Structure formats: structure tokens, C-alpha cells
Amino acid sequence: MSQHDTPAASAADRRGFMTKLLAIMCGGLATLPPLVAGLWMFLDPLRRRGAAATFLPVTDLASVPDDGIPRQFAVVSDRIDAWTGFAAEPIGAVYLRREKGSDTVQALSATCPHAGCFVEIESQERCFRCPCHNSKFMLDGGMVAPSPSPRAMDGLECQVAKNGEIAVKWQNFYTGIADKVARP
Amino acid sequence: MKPQHQHDQKQMPPRPVGRSGMLGQLADFLDDRTGYRAVMHEALYERVPGGARWRYVWGSALVFAFMTQVITGLVLWASYSASAQTAWESVYYIQHEMTGGWLLRGIHHVMAQALVVLLALHLMQVVIDGAYRAPREVNFWLGLVLMMLVLGMALTGYLLPWDQKGYWATRVATNLAGLVPLVGPSLQQVVVGGPDYGHHTLTRFFAIHAGFLPVTLVLMLVVHLSLFRKHGLCAKQPIVRPDAMFWPDQVLKDAVAMLAVMAVVLGVILMPALRAMLEGRPIVPGELGAELGAPADPSLPYAAARPEWYFLFLFQFLKVFEGFGASGEFFGAIVVPGLVMGVMFLMPILGRWQLGHRFNVAFTFALLAGIGLLTAMATNEDYAALWADRGAFADVEKLLEETENDKAKIAAHFGNDAAKIAAFEARVKKLDRIRHSQSFLDAVALAKADAARSIELAGRPERIPPAGMMELVRNDALSQGPKLFAQHCASCHAHVDPGAPEAQAVLAKASAANLHGFGTAAWMRGLLDPKQVAGPAYFGNTAHKEDDMVNFVQNDLTDAATWKPDDIEAVIVAMAAEAGLAAAGTPPAVIEKGRGLVADGERCGSCHRFTPNETAHGSAPDLTGWGSREWLVGLIVDPTHERFYGDSNDRMPSFGKAEEAAAPILTRRQIEMIADWLRGDWYRPTGHAH
Ligand code: FES
């Protein structure tokens, strides 16, 4: 845009440039606070961490028959949702299963490793089936290929106390990947 | 109109043409498909007759302020939850726990006020410049509608935190809407979302605040701006300087104005932080920016209720019509503002004549002056006590008390001298004003304390119960205890620190024991003091003032042969330990010794049962667990129980005992809160909860 070659014209150009620069700077500076504050607050969720994985009492040995068929139990825990504190609320579900004559209990998360739907037990077919995209799993949680799910059902650590009380280490895992990775 | 000869100095810059380079090619590609350059050119190269001026910045500043509200409002929206059980809670969370929440909410809150101020300035500038004249009438009207939309957003936004302040202000505003003839009650019910205030009041106000009004406003703003472009800027006459382009000359001035507005807004938010820093106090971000009061409670009086400052004039104006009933309020709240708006809508028509224009300018200034005056009056009424010297009215207060405000007695005092009586009455009026202001200030202080307590409670590690904050506040001994005590106990019992200057006056009025520090060693020490036991702080004003206990303290305890000072001290400490309020580090041996003395059948135990002694109930209160929560609750529930005073109970009602068909005076929980408060047993945050 420098068709003007005279010194006066170029001085005017320079002034014009300075004006433009200043205008943009002032305008930008003025808009910055709401944008920064907005982004700052909008990203607050990144700062939040879920409750640490802990063993939660679920049921007792007598409630899990040793027939190899998984049974569904609610996991109950205190829960904090932003500002609300819930006391002893069902926060999820697990499947517990016991082989004939065994005292060890296998615990499986009911969350589908594919995309997080609630896996159901199919008593007739003697398997697990996810209602969302039809992933199938064996009763011990193993994969039934071909499957939309990239991995077997997620096992959870499980403790059986002397008095028969069963506690499960409640954890969530990232879905959609082949490896079982716990969420922080 | 425009002196064309001055325009040739600055030419319309040529339209930019294609450029080279990657970016240039991309720009060319986009321009080919969208024609954005022409649009930008059109937008930026608007001619500003007579050059850029500071007086043209108000419109841009308003658009900027509004855009700020849109940005901050959207982010607030992402964290706000509109229901009676979550509105306060979510705003608390935004303000006190989310990163930057205080800043964002602060900007939204203060910018809303800046918006109102800028509106007034913009309107003034338009009227003074006569910018409403043909062909700009429609745009002026649009501007007035935009103003009402902004005020509507301010009004509806005030309720959303669902705190006491917003709740009561909204009740007033919606009740005023109910005064509109014919449709009023229905209108009110529609706005409130039902016959009562609750979930739907919030969902509706939120939808109006963040949906209906802003969408309408944006549509109107688009028309307002395009009409503004169509007619061009209404230049200040006469034009003496050369024309300039909107970009960059006027844009620079506009941008500086925006920056100034934002600087003021940030200044208002950060000022308290600066003050705290200078005074060496810690800065608590949650306390900066917008206030959050205690959660809305329809059962709690709220004398600090005031609208936002820019509506204060209306509030004050309504007082003029006090005493005229609903028709007066209707006149003040609807007719007069309606007429004012009517005149403003007529301005473009009136402005066709020079005289009309002068009238418009005068009217605008008169209006603003009136608003300023009313605001000042309202402020003065509320805050007069801050600068008035109440001490100067001590004689008036004394005389009023002596004469019990009896006209005849006052007249007699002044020897029926009419002039003196009139002068006195004038001073009484002044005193009344100070008193009113003082009670407002007290209410504000109480509101502040309640708000701070609510926020403290909300930060408990257990968090807020699902039923909402109200449940916590209503069950909080610290905030409810004093209120319940004032309502049910204070007509007989004092609750005053014996060391306080007003203690003697308060105690003189009481007809039962002073319960300040009940259960502590200090309280017990007073009871066992021969000089105090029959005084007003203990049994002095009760039916027990000549009973065995007074006798015992005054005669037996003073016998140093049986009661050594160490023994008495041991009893005192043992009783405080019984209440669970013994000072930390009290030697257990002393407590044990005291317990033995109390149980001793030759000493306290001769009248009082105190486990393990087996003294029969009936002669004196059972001291087992004396002053503990359980003991105190039991006493308040039923002092006539044989465990306490039995038949010799002196006037104290059985607060927790159902009388025949009637429910007890107080619920169990209320009694517990009184007991907890008396015992100083309430939630205290340990460090910072988060
Ligand atoms: S979520 Fe279970 S199969 Fe997709």
C-alpha cells in the first residue's frame, strides 16, 4: 500500500500503522480478562481427581453360590459430587463368581471395556453380553472373538475376610483400548 | 449538512487486492468463496464525519460490555444449576471452589453494573447530540427497548444465586408486577412459575436471563447496529476537523474506552485484595468479586433486603407512596415509570422542534438528577447511623425511656411549652432516622455473618447434604442457637459475658440465671461464690434465691474448716469435666478429688444425686453428667422431671414435652441446637477445607 513515496505520506503511514497496532492491542487487552477467566474456570474439571481406589465391602461369601454363575452386586460407598456429599450410595455394580467348592471369589467390573455400557448376564447362553454393541464374554470374563471389545472384562481385586465378608477394590478403567489401564 | 469540501484530505483507502505467499493465497481463496474482504472493508472503513471523537465511544463500549457478559455468562452457565436445592450450592462452588470462579463471576457481576452506567451515558450522549432526530427515530426507539432488555437481565440475574438478598429483592419485584391491573396476578404467577417461589422460579428466571432476553437483545442489537450504519454516525456539529475512517482512528478510541471499562471492572473486583495486602491480611479469592449471601430462607426475616444499587432510586421512590396502599404502589412502581418511558419514546417527535429538543435534554438531565437524588436519599436513610452522632441524642433517648414515650408525660416534662415540645419531637424524628439506619446496618452485619457461616459450613469435608444447604444451616447450632435462645429463652435468661460493659444492665432485666459459659469452670466458680450465688447472674431473680443452695454456698462453703479453697476448686473442675468442658490439661487427680467431694453424702451428695451416691431424686438436680449435652437437653425438654427440679421448678416451661394434644414447643433438634450453642459445640473448620 505504499504508493505514496513522499516523506510526509510515509510518516502518515507510520502513524496509521501505530494507530492500528495500538487499537488492536487495547482491544485485545480489554477482551483478555473475560476470556482468560472463562477458560480458567472452564478447565477446572481437569484439576479434579476421582476418589482413590479402595476396598469396599460388597457382600458375604454365603451370598455367592459356588456354581460358577456370576451374581450381580451393588457397590455402595460415600460419594462426593461437586458440592453434594452422598452417604452410602450405590456407585456401581460388580459380578462375583465362585467355582465349585472354592473359597476364592472372582470379581468383574460390570462396565464394558468397549465403550462403557453395562454388561448383562445372559443366563440361557451362559455368557455375558453387552447390550450396546453385542460384545460377548465368557462367564469368567474372557473374550469371545470376534468382539467389538478390545479386551476381556475387567477383573477387580477381591478380598475375602475370615468372617466371609467380601470386599472389592473399586476402580474404573479406560475403555476402548487393549490394555487395562486404571483411571486416576 | 456535511461540508463536503473537508472530505478530500483523507481518501477512502483502496480495496485490498490479492496477495502472494501462503497466507495471502489462503486469504484469496477464502475471499473468493466468502467475499469477506468486502465485508471487512465495509465494516471498518465507515466514514466518521469530523474525525474520531471520544464522545462516540459509548456505543462500542456497550457492545463490548455486553459481549463480556455473553462470554462470562456462558461459562457460568456451564457450572450453574437452577433449582432451589442446587442454585446456591452451585454458585458457592463456582465462587469458592472452582479455579478462577471468583474472577469470572466477579467480572459478570461488576460488568452488569458497568453496563447500566454505560447505558445511561450512551443515552445522555444521544439525547444531547439530538441523535434521535429523523431519520434515526426508529433506532432511538430500538435503543430504549435494548435498555429495558438490559435492565430486565439485571433484574432476573439478581435472583439466580438464590441467596437471601436475591430472594427477597425478587419477591418484592414480582409482587410489584402483580399490581398491574387485570393481568397482574396472572403475570406474577407466570413469572414466578407457580403460586410460590421455588424450582420453577429459578428455571424461569434463568431461561429469561440467559435465553429469552439475550436472544431478543442480540436480534435487536443487529438491527440497531445496521440502522446505525445505514444512517451513519450522527456527527457533533459543527464539523471543524477533517473526516476520518472508523478504522483505525475511531477504533483506537473505542478500544481505549473498552480497556478503561475493563480496568475499572477489574479494579472494583481486586480493590479489596489490594486493601487486604496493604493491611497484611490473607487474601481469600472467594471473598473477591460478587457477594454470595446466606441461602434463601423464606422463614427468616431479612431486614437487609435492598435491590441492586441502580434500582435503589425506584425503591426509594416507592416510599413516597407509602401509606397509599396498593393503588399508591401501583402508581409509583408502574404508572410513573411508564410515563417516564412514554416521554422518552416521544423524544424523537418532540425533538423536531428546537424547543422540544431542549425539553428532551432538560428532561433527561432532570431524570438523572432525580435518580441521583433518590439514590442519595436511600443511601442516606440506610447509612445515616455511620456518620450521625447518636451520642448527641442521649438525653432524648433517656427521656423517651423515662416517659415511656407517653405524650402527656413528655409535655409535662417540658412544662407544656409548645415550642420546646416541638423541638423535642423534631429531635425524636432525627433519632428515629438514626435508629432505623442502625437496625439496617445491624441487619447487614447479621446477613454478612450468616453468609460467612453458610460458606464455612458448605466447605465441610462431608460436603452439602443432597437436600441442600438449607438443611445444614437450619441444623447449625452456631447460627440457629442464638435465634432460638432469643425467641424462647431470653425472656428470662440472660446470655451475656459477665465481663462485658453492658452485663449489669442486661442481668438486671433477667429473671433467671445467666447462661453465658454454662457448663464451664468459670460459670461454676460464680455459682459457688457466696457473693454471686444470690446475684442476678445466678439465683438472685428466681424463686430459689433463698433456697438451700444459696444458703449452702453462703454459709457452708465459707467455712474454711470443712471446705478448703482447694476442695472448692476441685469441685468446680470436676463439674466442668462432667460437662465435658474442662480446660485441656486439667489434672485427672483433681477431677477425681472433686468428684469424690460432690458424691460425698456429707457434702453436695446430701441433696444432689451424683453417681455413685444413691441420694434420692427430688431435693435437688441430679449432677451426674451435669452440663453435658444429654443433661442439658433433658433439662430443657422437661425441667419438672424428678431428675432436675421436680415440683420446685421455677416457671421454666417443659419445652420438649407434649402437653395433652399440643405438640411440644420445640422439636428435639431445636433443643439440641440450643444446648450445643450454649455449650459452644458446633462445627469449626480446621484450616482450609479444600
Ligand atoms: S459398549 Fe459394550 S459392546 Fe460397545
# chains A, B, ... in the order shown; residues from 1 in each chain; ligands from 1

call {"tool": "residues_near_ligand", "arguments": {"ligand": "ligand 1", "cutoff": "9 Å", "atoms": "only C-alpha atoms and all ligand atoms", "output": "short mmCIF file (atom, residue, chain, number, x, y, z; two decimals) with all heavy atoms, in the first residue's frame"}}
result
data_model
loop_
_atom_site.label_atom_id
_atom_site.label_comp_id
_atom_site.auth_asym_id
_atom_site.auth_seq_id
_atom_site.Cartn_x
_atom_site.Cartn_y
_atom_site.Cartn_z
N THR A 111 -18.69 -52.82 33.90
CA THR A 111 -18.53 -51.83 32.84
C THR A 111 -17.86 -52.46 31.63
O THR A 111 -16.79 -53.06 31.74
CB THR A 111 -17.65 -50.67 33.35
OG1 THR A 111 -18.21 -50.20 34.57
CG2 THR A 111 -17.60 -49.54 32.35
N CYS A 112 -18.49 -52.32 30.49
CA CYS A 112 -17.96 -52.91 29.26
C CYS A 112 -16.68 -52.22 28.85
O CYS A 112 -16.62 -51.00 28.78
CB CYS A 112 -19.00 -52.80 28.15
SG CYS A 112 -18.44 -53.47 26.58
N PRO A 113 -15.60 -52.99 28.56
CA PRO A 113 -14.33 -52.37 28.17
C PRO A 113 -14.40 -51.72 26.79
O PRO A 113 -13.48 -51.01 26.41
CB PRO A 113 -13.35 -53.55 28.15
CG PRO A 113 -14.07 -54.69 28.76
CD PRO A 113 -15.52 -54.45 28.61
N HIS A 114 -15.47 -51.96 26.03
CA HIS A 114 -15.56 -51.36 24.71
C HIS A 114 -15.86 -49.87 24.82
O HIS A 114 -15.03 -49.04 24.44
CB HIS A 114 -16.64 -52.06 23.88
CG HIS A 114 -16.83 -51.44 22.53
ND1 HIS A 114 -18.07 -51.14 22.03
CD2 HIS A 114 -15.94 -51.04 21.60
CE1 HIS A 114 -17.94 -50.59 20.84
NE2 HIS A 114 -16.64 -50.53 20.55
N ALA A 115 -17.04 -49.53 25.34
CA ALA A 115 -17.35 -48.10 25.46
C ALA A 115 -18.13 -47.80 26.73
O ALA A 115 -18.75 -46.75 26.84
CB ALA A 115 -18.13 -47.63 24.24
N GLY A 116 -18.11 -48.72 27.66
CA GLY A 116 -18.62 -48.38 28.98
C GLY A 116 -20.07 -48.69 29.27
O GLY A 116 -20.61 -48.25 30.26
N CYS A 117 -20.73 -49.46 28.42
CA CYS A 117 -22.11 -49.84 28.74
C CYS A 117 -22.10 -50.85 29.89
O CYS A 117 -21.06 -51.36 30.28
CB CYS A 117 -22.80 -50.46 27.53
SG CYS A 117 -23.35 -49.23 26.35
N PHE A 118 -23.29 -51.14 30.36
CA PHE A 118 -23.42 -52.07 31.48
C PHE A 118 -23.59 -53.48 30.93
O PHE A 118 -24.60 -53.81 30.29
CB PHE A 118 -24.64 -51.67 32.31
CG PHE A 118 -24.70 -52.32 33.66
CD1 PHE A 118 -24.55 -51.56 34.81
CD2 PHE A 118 -24.93 -53.68 33.79
CE1 PHE A 118 -24.62 -52.14 36.05
CE2 PHE A 118 -24.99 -54.27 35.04
CZ PHE A 118 -24.84 -53.51 36.17
N VAL A 119 -22.60 -54.33 31.16
CA VAL A 119 -22.64 -55.69 30.62
C VAL A 119 -23.67 -56.51 31.40
O VAL A 119 -23.72 -56.45 32.63
CB VAL A 119 -21.25 -56.33 30.74
CG1 VAL A 119 -21.30 -57.76 30.23
CG2 VAL A 119 -20.23 -55.52 29.97
N ARG A 129 -23.20 -60.56 27.96
CA ARG A 129 -23.41 -59.91 26.69
C ARG A 129 -23.62 -58.42 26.97
O ARG A 129 -24.32 -58.03 27.91
CB ARG A 129 -24.63 -60.47 25.98
CG ARG A 129 -24.58 -60.32 24.46
CD ARG A 129 -25.77 -61.02 23.81
NE ARG A 129 -27.02 -60.44 24.25
CZ ARG A 129 -27.51 -59.30 23.76
NH1 ARG A 129 -26.86 -58.66 22.82
NH2 ARG A 129 -28.65 -58.82 24.22
N CYS A 130 -22.99 -57.60 26.14
CA CYS A 130 -23.18 -56.16 26.31
C CYS A 130 -24.29 -55.72 25.37
O CYS A 130 -24.23 -56.00 24.17
CB CYS A 130 -21.89 -55.41 26.00
SG CYS A 130 -22.14 -53.62 26.11
N PRO A 131 -25.30 -55.07 25.84
CA PRO A 131 -26.45 -54.71 25.02
C PRO A 131 -26.14 -53.62 23.99
O PRO A 131 -26.91 -53.43 23.06
CB PRO A 131 -27.48 -54.21 26.03
CG PRO A 131 -26.69 -53.73 27.19
CD PRO A 131 -25.46 -54.59 27.24
N CYS A 132 -25.02 -52.94 24.13
CA CYS A 132 -24.79 -51.80 23.23
C CYS A 132 -24.30 -52.24 21.86
O CYS A 132 -24.87 -51.88 20.84
CB CYS A 132 -23.81 -50.83 23.86
SG CYS A 132 -24.54 -50.00 25.28
N HIS A 133 -23.18 -53.00 21.82
CA HIS A 133 -22.67 -53.42 20.51
C HIS A 133 -22.41 -54.91 20.48
O HIS A 133 -21.58 -55.40 19.72
CB HIS A 133 -21.40 -52.64 20.16
CG HIS A 133 -21.47 -51.19 20.49
ND1 HIS A 133 -21.00 -50.69 21.67
CD2 HIS A 133 -22.00 -50.15 19.82
CE1 HIS A 133 -21.24 -49.39 21.71
NE2 HIS A 133 -21.85 -49.04 20.60
N ASN A 134 -23.11 -55.61 21.37
CA ASN A 134 -23.07 -57.07 21.36
C ASN A 134 -21.73 -57.72 21.60
O ASN A 134 -21.44 -58.77 21.05
CB ASN A 134 -23.64 -57.59 20.03
CG ASN A 134 -25.14 -57.43 20.00
OD1 ASN A 134 -25.80 -57.62 21.04
ND2 ASN A 134 -25.68 -57.05 18.86
N SER A 135 -20.89 -57.11 22.42
CA SER A 135 -19.69 -57.82 22.84
C SER A 135 -20.12 -58.99 23.71
O SER A 135 -21.01 -58.85 24.54
CB SER A 135 -18.77 -56.90 23.66
OG SER A 135 -18.07 -56.04 22.82
N LYS A 136 -19.46 -60.12 23.50
CA LYS A 136 -19.79 -61.29 24.31
C LYS A 136 -18.58 -61.67 25.13
O LYS A 136 -17.43 -61.52 24.69
CB LYS A 136 -20.14 -62.47 23.41
CG LYS A 136 -21.62 -62.73 23.28
CD LYS A 136 -21.77 -63.96 22.42
CE LYS A 136 -23.13 -64.59 22.51
NZ LYS A 136 -23.11 -65.87 21.79
N SER A 147 -15.10 -59.69 18.65
CA SER A 147 -15.82 -58.87 19.61
C SER A 147 -15.47 -57.39 19.41
O SER A 147 -14.32 -57.07 19.13
CB SER A 147 -15.44 -59.29 21.01
OG SER A 147 -15.84 -58.32 21.94
N PRO A 148 -16.44 -56.50 19.51
CA PRO A 148 -16.11 -55.07 19.45
C PRO A 148 -15.21 -54.66 20.62
O PRO A 148 -14.45 -53.72 20.51
CB PRO A 148 -17.47 -54.37 19.58
CG PRO A 148 -18.51 -55.42 19.36
CD PRO A 148 -17.88 -56.73 19.72
N SER A 149 -15.29 -55.42 21.67
CA SER A 149 -14.49 -55.06 22.84
C SER A 149 -13.03 -55.43 22.60
O SER A 149 -12.73 -56.52 22.16
CB SER A 149 -15.00 -55.78 24.07
OG SER A 149 -14.12 -55.53 25.15
N THR A 175 -11.73 -47.15 28.65
CA THR A 175 -12.39 -48.08 27.74
C THR A 175 -11.82 -47.91 26.34
O THR A 175 -11.15 -46.92 26.03
CB THR A 175 -13.91 -47.83 27.69
OG1 THR A 175 -14.12 -46.47 27.32
CG2 THR A 175 -14.57 -48.10 29.02
N GLY A 176 -12.06 -48.92 25.50
CA GLY A 176 -11.73 -48.81 24.07
C GLY A 176 -10.29 -49.12 23.73
O GLY A 176 -9.90 -49.03 22.58
#

call {"tool": "interface_residues", "arguments": {"of": "chain A", "to": "chain B", "cutoff": "7 Å", "atoms": "only C-alpha atoms", "output": "JSON, numbers by chain"}}
result
{"A": [19, 20, 22, 23, 26, 27, 29, 30, 34, 37, 38, 40, 41, 42, 44, 83, 84, 85, 86]}

call {"tool": "atom_distance", "arguments": {"atom1": "atom CA of Ile665 of chain B", "atom2": "atom CA of Ala443 of chain B"}}
result
26.9 Å

call {"tool": "residues_around", "arguments": {"residues": "Arg229 of chain B", "least_positions_apart": "3", "cutoff": "10 Å", "atoms": "only C-alpha atoms", "output": "ChimeraX atom specification"}}
result
/B:42-43,46-47,223-226,232-233

call {"tool": "write_last_selection", "arguments": {"atoms": "all heavy atoms", "output": "PDB file, in the first residue's frame"}}
result
ATOM      1  N   GLU B  42     -16.236  -2.955   4.418  1.00  0.00           N
ATOM      2  CA  GLU B  42     -17.480  -2.250   4.703  1.00  0.00           C
ATOM      3  C   GLU B  42     -17.571  -1.929   6.202  1.00  0.00           C
ATOM      4  O   GLU B  42     -17.939  -0.837   6.613  1.00  0.00           O
ATOM      5  CB  GLU B  42     -18.645  -3.155   4.279  1.00  0.00           C
ATOM      6  CG  GLU B  42     -20.001  -2.646   4.647  1.00  0.00           C
ATOM      7  CD  GLU B  42     -20.538  -1.663   3.614  1.00  0.00           C
ATOM      8  OE1 GLU B  42     -19.806  -1.350   2.652  1.00  0.00           O
ATOM      9  OE2 GLU B  42     -21.664  -1.224   3.788  1.00  0.00           O
ATOM     10  N   ALA B  43     -17.178  -2.924   7.007  1.00  0.00           N
ATOM     11  CA  ALA B  43     -17.321  -2.764   8.453  1.00  0.00           C
ATOM     12  C   ALA B  43     -16.322  -1.756   9.007  1.00  0.00           C
ATOM     13  O   ALA B  43     -16.651  -0.968   9.881  1.00  0.00           O
ATOM     14  CB  ALA B  43     -17.141  -4.112   9.141  1.00  0.00           C
ATOM     15  N   GLU B  46     -15.891   2.798   7.610  1.00  0.00           N
ATOM     16  CA  GLU B  46     -17.046   3.669   7.734  1.00  0.00           C
ATOM     17  C   GLU B  46     -16.522   5.085   7.961  1.00  0.00           C
ATOM     18  O   GLU B  46     -15.586   5.298   8.735  1.00  0.00           O
ATOM     19  CB  GLU B  46     -17.883   3.202   8.940  1.00  0.00           C
ATOM     20  CG  GLU B  46     -18.847   4.217   9.489  1.00  0.00           C
ATOM     21  CD  GLU B  46     -20.155   4.251   8.718  1.00  0.00           C
ATOM     22  OE1 GLU B  46     -20.320   3.421   7.817  1.00  0.00           O
ATOM     23  OE2 GLU B  46     -20.977   5.111   9.025  1.00  0.00           O
ATOM     24  N   ARG B  47     -17.151   6.031   7.278  1.00  0.00           N
ATOM     25  CA  ARG B  47     -16.663   7.401   7.405  1.00  0.00           C
ATOM     26  C   ARG B  47     -17.120   8.009   8.725  1.00  0.00           C
ATOM     27  O   ARG B  47     -18.278   7.852   9.120  1.00  0.00           O
ATOM     28  CB  ARG B  47     -17.192   8.220   6.224  1.00  0.00           C
ATOM     29  CG  ARG B  47     -16.624   9.601   6.120  1.00  0.00           C
ATOM     30  CD  ARG B  47     -17.168  10.293   4.889  1.00  0.00           C
ATOM     31  NE  ARG B  47     -16.651   9.730   3.644  1.00  0.00           N
ATOM     32  CZ  ARG B  47     -15.426   9.968   3.188  1.00  0.00           C
ATOM     33  NH1 ARG B  47     -14.604  10.741   3.864  1.00  0.00           N
ATOM     34  NH2 ARG B  47     -15.018   9.438   2.056  1.00  0.00           N
ATOM     35  N   VAL B 223     -30.157  -5.175  14.447  1.00  0.00           N
ATOM     36  CA  VAL B 223     -30.929  -4.153  13.736  1.00  0.00           C
ATOM     37  C   VAL B 223     -30.436  -2.764  14.124  1.00  0.00           C
ATOM     38  O   VAL B 223     -30.246  -1.886  13.274  1.00  0.00           O
ATOM     39  CB  VAL B 223     -32.434  -4.312  14.050  1.00  0.00           C
ATOM     40  CG1 VAL B 223     -33.233  -3.287  13.268  1.00  0.00           C
ATOM     41  CG2 VAL B 223     -32.903  -5.721  13.737  1.00  0.00           C
ATOM     42  N   HIS B 224     -30.212  -2.576  15.427  1.00  0.00           N
ATOM     43  CA  HIS B 224     -29.750  -1.286  15.945  1.00  0.00           C
ATOM     44  C   HIS B 224     -28.444  -0.884  15.257  1.00  0.00           C
ATOM     45  O   HIS B 224     -28.290   0.248  14.805  1.00  0.00           O
ATOM     46  CB  HIS B 224     -29.526  -1.432  17.453  1.00  0.00           C
ATOM     47  CG  HIS B 224     -29.303  -0.154  18.195  1.00  0.00           C
ATOM     48  ND1 HIS B 224     -30.269   0.818  18.341  1.00  0.00           N
ATOM     49  CD2 HIS B 224     -28.219   0.314  18.879  1.00  0.00           C
ATOM     50  CE1 HIS B 224     -29.794   1.816  19.067  1.00  0.00           C
ATOM     51  NE2 HIS B 224     -28.545   1.540  19.408  1.00  0.00           N
ATOM     52  N   LEU B 225     -27.525  -1.826  15.147  1.00  0.00           N
ATOM     53  CA  LEU B 225     -26.220  -1.517  14.553  1.00  0.00           C
ATOM     54  C   LEU B 225     -26.333  -1.306  13.053  1.00  0.00           C
ATOM     55  O   LEU B 225     -25.694  -0.419  12.493  1.00  0.00           O
ATOM     56  CB  LEU B 225     -25.211  -2.632  14.859  1.00  0.00           C
ATOM     57  CG  LEU B 225     -24.793  -2.729  16.328  1.00  0.00           C
ATOM     58  CD1 LEU B 225     -23.801  -3.869  16.521  1.00  0.00           C
ATOM     59  CD2 LEU B 225     -24.185  -1.416  16.796  1.00  0.00           C
ATOM     60  N   SER B 226     -27.176  -2.111  12.382  1.00  0.00           N
ATOM     61  CA  SER B 226     -27.251  -1.929  10.932  1.00  0.00           C
ATOM     62  C   SER B 226     -27.976  -0.631  10.600  1.00  0.00           C
ATOM     63  O   SER B 226     -27.610   0.044   9.632  1.00  0.00           O
ATOM     64  CB  SER B 226     -27.882  -3.138  10.249  1.00  0.00           C
ATOM     65  OG  SER B 226     -29.129  -3.401  10.817  1.00  0.00           O
ATOM     66  N   GLY B 232     -25.474   6.322   9.279  1.00  0.00           N
ATOM     67  CA  GLY B 232     -24.177   6.923   9.551  1.00  0.00           C
ATOM     68  C   GLY B 232     -24.163   7.523  10.933  1.00  0.00           C
ATOM     69  O   GLY B 232     -25.190   7.646  11.600  1.00  0.00           O
ATOM     70  N   LEU B 233     -22.958   7.889  11.316  1.00  0.00           N
ATOM     71  CA  LEU B 233     -22.801   8.435  12.643  1.00  0.00           C
ATOM     72  C   LEU B 233     -23.418   9.824  12.703  1.00  0.00           C
ATOM     73  O   LEU B 233     -23.316  10.593  11.760  1.00  0.00           O
ATOM     74  CB  LEU B 233     -21.300   8.504  12.923  1.00  0.00           C
ATOM     75  CG  LEU B 233     -20.902   8.644  14.366  1.00  0.00           C
ATOM     76  CD1 LEU B 233     -19.775   7.676  14.628  1.00  0.00           C
ATOM     77  CD2 LEU B 233     -20.464  10.049  14.664  1.00  0.00           C
TER      78      LEU B 233
END

call {"tool": "residues_around", "arguments": {"residues": "Gln159 of chain A", "least_positions_apart": "6", "cutoff": "10 Å", "atoms": "only C-alpha atoms", "output": "CSV table (one decimal) with N, CA and C atoms, in the first residue's frame"}}
result
chain,number,residue,atom,x,y,z
A,55,PHE,N,-10.8,-50.7,48.9
A,55,PHE,CA,-11.6,-51.9,49.0
A,55,PHE,C,-12.9,-51.5,49.7
A,56,LEU,N,-14.0,-51.9,49.0
A,56,LEU,CA,-15.3,-51.6,49.6
A,56,LEU,C,-16.1,-52.9,49.8
A,57,PRO,N,-16.7,-53.0,51.0
A,57,PRO,CA,-17.4,-54.2,51.3
A,57,PRO,C,-18.6,-54.4,50.4
A,104,THR,N,-12.2,-69.0,46.8
A,104,THR,CA,-11.8,-67.7,46.1
A,104,THR,C,-12.9,-67.2,45.3
A,105,VAL,N,-13.0,-65.9,45.3
A,105,VAL,CA,-14.1,-65.2,44.6
A,105,VAL,C,-13.5,-64.4,43.5
A,106,GLN,N,-14.1,-64.5,42.3
A,106,GLN,CA,-13.6,-63.7,41.2
A,106,GLN,C,-14.6,-62.5,41.1
A,107,ALA,N,-14.0,-61.3,40.9
A,107,ALA,CA,-14.8,-60.1,40.8
A,107,ALA,C,-14.6,-59.5,39.4
A,165,GLU,N,-16.8,-62.0,54.8
A,165,GLU,CA,-17.1,-60.7,54.1
A,165,GLU,C,-16.3,-60.5,52.9
A,166,ILE,N,-16.9,-60.1,51.8
A,166,ILE,CA,-16.2,-59.9,50.5
A,166,ILE,C,-16.0,-58.4,50.3
A,167,ALA,N,-14.8,-58.0,50.0
A,167,ALA,CA,-14.5,-56.6,49.7
A,167,ALA,C,-13.9,-56.5,48.3
A,168,VAL,N,-14.3,-55.5,47.5
A,168,VAL,CA,-13.8,-55.4,46.2
A,168,VAL,C,-13.0,-54.1,46.0
A,169,LYS,N,-11.9,-54.1,45.4
A,169,LYS,CA,-11.2,-52.8,45.1
A,169,LYS,C,-11.9,-52.1,43.9

call {"tool": "closest_residue", "arguments": {"among": "A:Gly164, A:Thr59, A:Ala53, A:Ile69", "to": "Glu125 of chain A", "atoms": "only C-alpha atoms"}}
result
A:Ile69

call {"tool": "select_by_dssp", "arguments": {"residues": "chain A", "states": "strand (DSSP E)", "output": "ChimeraX atom specification"}}
result
/A:55-60,71-81,84-97,106-109,120-122,127-129,136-137,155-156,158-160,165-169

call {"tool": "closest_residue", "arguments": {"among": "A:Tyr95, A:Phe128, A:Phe17, A:Phe73", "to": "Leu156 of chain A", "atoms": "only C-alpha atoms"}}
result
A:Tyr95

call {"tool": "closest_residue", "arguments": {"among": "B:Gly166, B:Gly178, B:Gly332, B:Gly415", "to": "Ala304 of chain B", "atoms": "only C-alpha atoms"}}
result
B:Gly166

call {"tool": "residues_around", "arguments": {"residues": "Asp154 of chain A", "least_positions_apart": "2", "cutoff": "7 Å", "atoms": "only C-alpha atoms", "output": "PyMOL selection string"}}
result
chain A and resi 108-109+152+156

call {"tool": "write_last_selection", "arguments": {"atoms": "N, CA, C and O atoms", "output": "compact mmCIF listing (two decimals), in the first residue's frame"}}
result
# COMPACT_ATOMS: atom_id res chain seq x y z
N LEU A 108 -15.69 -59.13 38.76
CA LEU A 108 -15.59 -58.50 37.44
C LEU A 108 -16.37 -57.19 37.46
O LEU A 108 -17.47 -57.11 38.00
N SER A 109 -15.76 -56.17 36.88
CA SER A 109 -16.48 -54.91 36.76
C SER A 109 -17.59 -55.08 35.73
O SER A 109 -17.41 -55.73 34.70
N ALA A 152 -10.76 -58.43 27.44
CA ALA A 152 -11.69 -59.17 28.29
C ALA A 152 -12.30 -58.24 29.32
O ALA A 152 -11.86 -57.11 29.50
N LEU A 156 -11.51 -57.23 39.05
CA LEU A 156 -11.22 -56.32 40.16
C LEU A 156 -10.60 -57.13 41.29
O LEU A 156 -10.93 -58.31 41.47

call {"tool": "atom_distance", "arguments": {"atom1": "atom CA of Pro653 of chain B", "atom2": "atom CA of Pro621 of chain B"}}
result
16.2 Å

call {"tool": "residues_around", "arguments": {"residues": "segment 528-530 of chain B", "least_positions_apart": "6", "cutoff": "12 Å", "atoms": "only C-alpha atoms", "output": "list in words"}}
result
Ala521, Ala522, Ala537, Tyr538, Phe539, Gly540, Met549, Val550, Asn551, Phe552, Val553, Gln554, Asn555, Asp556, Leu557, Thr558, Asp559, Trp563, Pro565, Asp567, Ile568, Glu569, Ala570, Val571, Ile572, Val573, Met575 and Cys604 of chain B

call {"tool": "select_by_dssp", "arguments": {"residues": "chain A", "states": "alpha helix (DSSP H)", "output": "PyMOL selection string"}}
result
chain A and resi 7-42

call {"tool": "residues_around", "arguments": {"residues": "Leu635 of chain B", "least_positions_apart": "4", "cutoff": "12 Å", "atoms": "only C-alpha atoms", "output": "number ranges by chain"}}
result
B: 621-623, 625-631, 639-646, 649, 652-657, 671-672, 674-675

call {"tool": "closest_residue", "arguments": {"among": "B:Asp548, B:Asp406, B:Asp196, B:Asp600", "to": "Thr174 of chain B", "atoms": "only C-alpha atoms"}}
result
B:Asp196
